[in-house]
Amino acid sequence: SVFNIQNKLVQLSAPSISIYNQAETILTQVSLEIPKMTLSDKNIQSWKDIVFHQTNTKFKFSTTFHDKNGKYFLHGIQFTAKDSMVQLDSLAYIPALSSDSFFAKQTWQNDCQQFHTGKIIFNKMNTSLLMDKPVAVNAQSLTINDAAIKIIKDKKLTVQENIVKPLPVAALKQLHFPLRIDSFNLANADVDYTELPGIDKPGLHIDVTDLNATLLNIKNDSDDFHDSLYISAKGKINHAIDAKIFMNQSYKDSGNFRFDAQVLPFDAVDINQLQQTLTGIRFTRGSIDSIHVNALANQKTADGNIQLQTHGLAIEAYHANGNKKTPLIKRIEYFIANTFILKKEKTRTATFEASRVEEKSVINYWIQMMLAAMKSIAGKSK
């Protein structure tokens, strides 16, 4: 043999280690464990083999770093070579400015965000690719547990025009490193979304709890027409509505996708806080037994169908300004609808068209489709 190295268990630990590159990075609670091993030229072709293939090396540390926007906290990062597993006990991001200070510095609408997570696990990850140039990410699965995400938007600011936010497949293809993850799972997440009111624009608050989402077949190197990205999610909206969504988008035909949404039974009055803000109508009684929406969408527009099952509904106009009165003709329309149409148990269907605001995300596009569907079935003009 050219070389033959044997060692017993090696354990190293340090309260902190400073790494000086372009900016100082401090690792805390550092531990390194290399079990008993035998190395020779027969099983070692490069230094990566020592770390990633021929030993059961365990490396664990925590760190923080910051940029001009905020600070990131990564706690309990752990790499286990034998299991090809990378995990974090938690990840958090705290913005440098309060929301008021953040919006005071903005010219255009930008989201003020912060988040924290529970355990994050990359399973069956090809960790040696992380040492390549460019870095490559390849894993069987990625799971993020117990994430809490808070997003605030100020509608007093103007949406920046001529900035097109990409749909999911296009966003993946814009990444500057190879990526392949068979499945991404978001487990037991909470998303708190708030829109601060603008001039003649009502505010909005949506809280999605018990959110579980899955993305399948994530990659950025495929042009196969039969190869698709799949997104599914379910959660409870404003503690009242259980909803599910599904989307699939071809990697080849990346401008088009299919969207499906299902809403389970709920008391109509429970969604007034959301309904009255978005549509100017509030429920006074009744139940929604089911909502099913499906659509074929592209970069700019969506065409779809909605099926709505209701029981004993009644509606009235909602005015954010409580002093404003509903015109007589509208009151007559609502009276006729409540007396002869809505109170009956009934299944209704309708078609709809929705337009995308390209400066906003695909999630906003989903919301626009749902609103267009509800307005269509209610007989309101788009």
# chains A, B, ... in the order shown; residues from 1 in each chain; ligands from 1
$ residues_around --residues "Phe266 (chain A)" --least-positions-apart "6" --cutoff "12 Å" --atoms "only C-alpha atoms" --output "NGL selection string"
:A and (236-243 or 272 or 285-291 or 309-311 or 313)
$ write_last_selection --atoms "C-alpha atoms" --output "PDB file, in the first residue's frame"
ATOM      1  CA  LYS A 236     -57.253  25.617   8.005  1.00  0.00           C
ATOM      2  CA  ILE A 237     -57.925  29.213   6.913  1.00  0.00           C
ATOM      3  CA  ASN A 238     -58.723  31.743   9.665  1.00  0.00           C
ATOM      4  CA  HIS A 239     -59.537  28.871  12.030  1.00  0.00           C
ATOM      5  CA  ALA A 240     -62.765  28.227  10.114  1.00  0.00           C
ATOM      6  CA  ILE A 241     -62.213  26.710   6.662  1.00  0.00           C
ATOM      7  CA  ASP A 242     -60.504  23.405   5.852  1.00  0.00           C
ATOM      8  CA  ALA A 243     -59.107  23.681   2.331  1.00  0.00           C
ATOM      9  CA  ASN A 272     -67.436  36.979   7.092  1.00  0.00           C
ATOM     10  CA  ARG A 285     -76.922  32.588   8.030  1.00  0.00           C
ATOM     11  CA  GLY A 286     -76.467  29.226   6.331  1.00  0.00           C
ATOM     12  CA  SER A 287     -73.702  26.778   5.512  1.00  0.00           C
ATOM     13  CA  ILE A 288     -71.352  25.961   2.668  1.00  0.00           C
ATOM     14  CA  ASP A 289     -71.341  22.194   2.230  1.00  0.00           C
ATOM     15  CA  SER A 290     -68.532  22.072  -0.344  1.00  0.00           C
ATOM     16  CA  ILE A 291     -66.628  24.136  -2.896  1.00  0.00           C
ATOM     17  CA  GLN A 309     -73.133  23.190  -2.538  1.00  0.00           C
ATOM     18  CA  THR A 310     -74.989  25.368  -0.027  1.00  0.00           C
ATOM     19  CA  HIS A 311     -77.796  25.161   2.519  1.00  0.00           C
ATOM     20  CA  LEU A 313     -77.816  30.915   2.904  1.00  0.00           C
TER      21      LEU A 313
END
$ select_by_dssp --residues "region 96-307 of chain A" --states "strand (DSSP E or B)" --output "PyMOL selection string"
chain A and resi 108+112-116+120-125+137-145+148-154+158+179-196+198+201+204-219+228-237+241-250+257-263+266-267+281-297+301-307
$ select_by_dssp --residues "region 28-242 of chain A" --states "alpha helix (DSSP H)" --output "list in words"
Trp47, Lys48, Ser99, Asp100, Ser101, Phe102, Phe103, Ala104, Pro168, Val169, Ala170, Ala171, Leu172 and Lys173 of chain A
$ residues_around --residues "Phe259 (chain A)" --least-positions-apart "6" --cutoff "7 Å" --atoms "only C-alpha atoms" --output "list in words"
Phe246, Met247, Asn294, Ala295 and Leu296 of chain A
$ residues_around --residues "region 191-200 of chain A" --least-positions-apart "2" --cutoff "7 Å" --atoms "only C-alpha atoms" --output "PDB file with all heavy atoms, in the first residue's frame"
ATOM      1  N   ALA A 148     -43.222  28.694  11.377  1.00  0.00           N
ATOM      2  CA  ALA A 148     -44.140  29.812  11.603  1.00  0.00           C
ATOM      3  C   ALA A 148     -43.647  30.988  10.773  1.00  0.00           C
ATOM      4  O   ALA A 148     -42.523  31.471  10.976  1.00  0.00           O
ATOM      5  CB  ALA A 148     -44.196  30.178  13.080  1.00  0.00           C
ATOM      6  N   ILE A 149     -44.461  31.427   9.815  1.00  0.00           N
ATOM      7  CA  ILE A 149     -44.069  32.455   8.860  1.00  0.00           C
ATOM      8  C   ILE A 149     -45.015  33.650   9.000  1.00  0.00           C
ATOM      9  O   ILE A 149     -46.240  33.478   8.992  1.00  0.00           O
ATOM     10  CB  ILE A 149     -44.124  31.920   7.418  1.00  0.00           C
ATOM     11  CG1 ILE A 149     -43.263  30.656   7.294  1.00  0.00           C
ATOM     12  CG2 ILE A 149     -43.665  32.981   6.427  1.00  0.00           C
ATOM     13  CD1 ILE A 149     -43.512  29.862   6.035  1.00  0.00           C
ATOM     14  N   LYS A 150     -44.459  34.824   9.136  1.00  0.00           N
ATOM     15  CA  LYS A 150     -45.265  36.038   9.252  1.00  0.00           C
ATOM     16  C   LYS A 150     -44.910  36.982   8.107  1.00  0.00           C
ATOM     17  O   LYS A 150     -43.734  37.298   7.894  1.00  0.00           O
ATOM     18  CB  LYS A 150     -45.016  36.729  10.597  1.00  0.00           C
ATOM     19  CG  LYS A 150     -45.917  37.929  10.855  1.00  0.00           C
ATOM     20  CD  LYS A 150     -45.722  38.479  12.263  1.00  0.00           C
ATOM     21  CE  LYS A 150     -46.683  39.633  12.539  1.00  0.00           C
ATOM     22  NZ  LYS A 150     -46.518  40.169  13.912  1.00  0.00           N
ATOM     23  N   ILE A 151     -45.917  37.410   7.356  1.00  0.00           N
ATOM     24  CA  ILE A 151     -45.724  38.277   6.194  1.00  0.00           C
ATOM     25  C   ILE A 151     -46.650  39.473   6.312  1.00  0.00           C
ATOM     26  O   ILE A 151     -47.845  39.315   6.566  1.00  0.00           O
ATOM     27  CB  ILE A 151     -46.024  37.521   4.882  1.00  0.00           C
ATOM     28  CG1 ILE A 151     -45.167  36.252   4.772  1.00  0.00           C
ATOM     29  CG2 ILE A 151     -45.800  38.432   3.677  1.00  0.00           C
ATOM     30  CD1 ILE A 151     -45.588  35.344   3.646  1.00  0.00           C
ATOM     31  N   ILE A 152     -46.103  40.674   6.117  1.00  0.00           N
ATOM     32  CA  ILE A 152     -46.902  41.902   6.157  1.00  0.00           C
ATOM     33  C   ILE A 152     -46.652  42.680   4.869  1.00  0.00           C
ATOM     34  O   ILE A 152     -45.509  42.857   4.449  1.00  0.00           O
ATOM     35  CB  ILE A 152     -46.553  42.779   7.371  1.00  0.00           C
ATOM     36  CG1 ILE A 152     -46.680  41.994   8.678  1.00  0.00           C
ATOM     37  CG2 ILE A 152     -47.440  44.015   7.420  1.00  0.00           C
ATOM     38  CD1 ILE A 152     -46.225  42.766   9.907  1.00  0.00           C
ATOM     39  N   LYS A 153     -47.734  43.137   4.223  1.00  0.00           N
ATOM     40  CA  LYS A 153     -47.648  43.950   3.016  1.00  0.00           C
ATOM     41  C   LYS A 153     -48.370  45.265   3.274  1.00  0.00           C
ATOM     42  O   LYS A 153     -49.440  45.290   3.888  1.00  0.00           O
ATOM     43  CB  LYS A 153     -48.298  43.198   1.835  1.00  0.00           C
ATOM     44  CG  LYS A 153     -48.187  43.918   0.499  1.00  0.00           C
ATOM     45  CD  LYS A 153     -49.006  43.217  -0.560  1.00  0.00           C
ATOM     46  CE  LYS A 153     -48.522  41.825  -0.823  1.00  0.00           C
ATOM     47  NZ  LYS A 153     -47.181  41.791  -1.468  1.00  0.00           N
ATOM     48  N   ASP A 154     -47.814  46.384   2.802  1.00  0.00           N
ATOM     49  CA  ASP A 154     -48.420  47.700   2.966  1.00  0.00           C
ATOM     50  C   ASP A 154     -49.017  48.132   1.626  1.00  0.00           C
ATOM     51  O   ASP A 154     -48.290  48.427   0.670  1.00  0.00           O
ATOM     52  CB  ASP A 154     -47.373  48.713   3.435  1.00  0.00           C
ATOM     53  CG  ASP A 154     -47.998  50.036   3.849  1.00  0.00           C
ATOM     54  OD1 ASP A 154     -49.193  50.263   3.543  1.00  0.00           O
ATOM     55  OD2 ASP A 154     -47.298  50.856   4.477  1.00  0.00           O
ATOM     56  N   LYS A 155     -50.352  48.177   1.533  1.00  0.00           N
ATOM     57  CA  LYS A 155     -51.019  48.503   0.275  1.00  0.00           C
ATOM     58  C   LYS A 155     -51.021  50.001  -0.031  1.00  0.00           C
ATOM     59  O   LYS A 155     -51.504  50.411  -1.081  1.00  0.00           O
ATOM     60  CB  LYS A 155     -52.445  47.942   0.290  1.00  0.00           C
ATOM     61  CG  LYS A 155     -52.468  46.425   0.351  1.00  0.00           C
ATOM     62  CD  LYS A 155     -53.848  45.854   0.548  1.00  0.00           C
ATOM     63  CE  LYS A 155     -54.687  45.917  -0.691  1.00  0.00           C
ATOM     64  NZ  LYS A 155     -55.971  45.203  -0.538  1.00  0.00           N
ATOM     65  N   LYS A 156     -50.478  50.797   0.889  1.00  0.00           N
ATOM     66  CA  LYS A 156     -50.312  52.222   0.574  1.00  0.00           C
ATOM     67  C   LYS A 156     -49.184  52.413  -0.442  1.00  0.00           C
ATOM     68  O   LYS A 156     -49.121  53.430  -1.127  1.00  0.00           O
ATOM     69  CB  LYS A 156     -50.014  53.012   1.850  1.00  0.00           C
ATOM     70  CG  LYS A 156     -51.191  53.105   2.816  1.00  0.00           C
ATOM     71  CD  LYS A 156     -50.941  54.073   3.934  1.00  0.00           C
ATOM     72  CE  LYS A 156     -49.824  53.641   4.852  1.00  0.00           C
ATOM     73  NZ  LYS A 156     -50.164  52.399   5.608  1.00  0.00           N
ATOM     74  N   ALA A 189     -47.233  23.691   9.631  1.00  0.00           N
ATOM     75  CA  ALA A 189     -46.784  25.083   9.537  1.00  0.00           C
ATOM     76  C   ALA A 189     -47.923  26.049   9.853  1.00  0.00           C
ATOM     77  O   ALA A 189     -49.097  25.683   9.851  1.00  0.00           O
ATOM     78  CB  ALA A 189     -46.237  25.360   8.143  1.00  0.00           C
ATOM     79  N   PRO A 202     -59.035  48.114   1.188  1.00  0.00           N
ATOM     80  CA  PRO A 202     -59.229  47.558   2.528  1.00  0.00           C
ATOM     81  C   PRO A 202     -58.059  46.678   2.951  1.00  0.00           C
ATOM     82  O   PRO A 202     -57.339  46.121   2.122  1.00  0.00           O
ATOM     83  CB  PRO A 202     -60.509  46.730   2.373  1.00  0.00           C
ATOM     84  CG  PRO A 202     -60.540  46.359   0.922  1.00  0.00           C
ATOM     85  CD  PRO A 202     -59.947  47.527   0.189  1.00  0.00           C
ATOM     86  N   GLY A 203     -57.866  46.580   4.253  1.00  0.00           N
ATOM     87  CA  GLY A 203     -56.860  45.676   4.788  1.00  0.00           C
ATOM     88  C   GLY A 203     -57.337  44.235   4.717  1.00  0.00           C
ATOM     89  O   GLY A 203     -58.503  43.953   4.418  1.00  0.00           O
ATOM     90  N   LEU A 204     -56.456  43.308   4.980  1.00  0.00           N
ATOM     91  CA  LEU A 204     -56.786  41.891   4.882  1.00  0.00           C
ATOM     92  C   LEU A 204     -55.895  41.103   5.831  1.00  0.00           C
ATOM     93  O   LEU A 204     -54.704  41.404   5.985  1.00  0.00           O
ATOM     94  CB  LEU A 204     -56.564  41.399   3.445  1.00  0.00           C
ATOM     95  CG  LEU A 204     -56.777  39.909   3.160  1.00  0.00           C
ATOM     96  CD1 LEU A 204     -58.241  39.539   3.346  1.00  0.00           C
ATOM     97  CD2 LEU A 204     -56.306  39.557   1.753  1.00  0.00           C
ATOM     98  N   HIS A 205     -56.488  40.109   6.489  1.00  0.00           N
ATOM     99  CA  HIS A 205     -55.693  39.214   7.339  1.00  0.00           C
ATOM    100  C   HIS A 205     -56.108  37.771   7.086  1.00  0.00           C
ATOM    101  O   HIS A 205     -57.277  37.425   7.172  1.00  0.00           O
ATOM    102  CB  HIS A 205     -55.870  39.545   8.824  1.00  0.00           C
ATOM    103  CG  HIS A 205     -55.089  38.625   9.717  1.00  0.00           C
ATOM    104  ND1 HIS A 205     -55.683  37.685  10.527  1.00  0.00           N
ATOM    105  CD2 HIS A 205     -53.754  38.490   9.905  1.00  0.00           C
ATOM    106  CE1 HIS A 205     -54.751  37.020  11.182  1.00  0.00           C
ATOM    107  NE2 HIS A 205     -53.577  37.485  10.814  1.00  0.00           N
ATOM    108  N   ILE A 206     -55.137  36.945   6.714  1.00  0.00           N
ATOM    109  CA  ILE A 206     -55.372  35.511   6.501  1.00  0.00           C
ATOM    110  C   ILE A 206     -54.371  34.738   7.351  1.00  0.00           C
ATOM    111  O   ILE A 206     -53.162  34.962   7.263  1.00  0.00           O
ATOM    112  CB  ILE A 206     -55.213  35.124   5.017  1.00  0.00           C
ATOM    113  CG1 ILE A 206     -56.222  35.872   4.149  1.00  0.00           C
ATOM    114  CG2 ILE A 206     -55.396  33.615   4.841  1.00  0.00           C
ATOM    115  CD1 ILE A 206     -56.055  35.621   2.669  1.00  0.00           C
ATOM    116  N   ASP A 207     -54.886  33.843   8.172  1.00  0.00           N
ATOM    117  CA  ASP A 207     -54.045  32.992   9.007  1.00  0.00           C
ATOM    118  C   ASP A 207     -54.296  31.544   8.609  1.00  0.00           C
ATOM    119  O   ASP A 207     -55.423  31.054   8.723  1.00  0.00           O
ATOM    120  CB  ASP A 207     -54.378  33.214  10.487  1.00  0.00           C
ATOM    121  CG  ASP A 207     -53.424  32.466  11.400  1.00  0.00           C
ATOM    122  OD1 ASP A 207     -52.346  32.071  10.930  1.00  0.00           O
ATOM    123  OD2 ASP A 207     -53.768  32.260  12.581  1.00  0.00           O
ATOM    124  N   VAL A 208     -53.274  30.886   8.095  1.00  0.00           N
ATOM    125  CA  VAL A 208     -53.392  29.479   7.706  1.00  0.00           C
ATOM    126  C   VAL A 208     -52.663  28.651   8.752  1.00  0.00           C
ATOM    127  O   VAL A 208     -51.445  28.780   8.933  1.00  0.00           O
ATOM    128  CB  VAL A 208     -52.803  29.219   6.313  1.00  0.00           C
ATOM    129  CG1 VAL A 208     -52.992  27.750   5.927  1.00  0.00           C
ATOM    130  CG2 VAL A 208     -53.451  30.127   5.277  1.00  0.00           C
ATOM    131  N   THR A 209     -53.411  27.800   9.453  1.00  0.00           N
ATOM    132  CA  THR A 209     -52.830  26.948  10.487  1.00  0.00           C
ATOM    133  C   THR A 209     -52.916  25.483  10.063  1.00  0.00           C
ATOM    134  O   THR A 209     -53.615  25.128   9.122  1.00  0.00           O
ATOM    135  CB  THR A 209     -53.554  27.149  11.824  1.00  0.00           C
ATOM    136  OG1 THR A 209     -54.964  26.940  11.638  1.00  0.00           O
ATOM    137  CG2 THR A 209     -53.351  28.554  12.353  1.00  0.00           C
TER     138      THR A 209
END
$ residues_around --residues "Asp221 (chain A)" --least-positions-apart "2" --cutoff "12 Å" --atoms "only C-alpha atoms" --output "ChimeraX atom specification"
/A:136,169-170,172-181,217-219,223-224,227-228,251-252
$ atom_distance --atom1 "CA of Phe352 (chain A)" --atom2 "CA of Thr301 (chain A)"
10.6 Å
$ atom_distance --atom1 "CA of Ser13 (chain A)" --atom2 "CA of Lys124 (chain A)"
26.0 Å
$ atom_distance --atom1 "CA of Ser128 (chain A)" --atom2 "CA of Asp89 (chain A)"
21.5 Å
$ closest_residue --among "A:Asp210, A:Cys112, A:Gln87, A:Gly312" --to "Lys346 (chain A)" --atoms "only C-alpha atoms"
A:Gly312
$ residues_around --residues "region 92-95 of chain A" --least-positions-apart "3" --cutoff "10 Å" --atoms "only C-alpha atoms" --output "ChimeraX atom specification"
/A:64-75,98-99,102,112-118,147-149
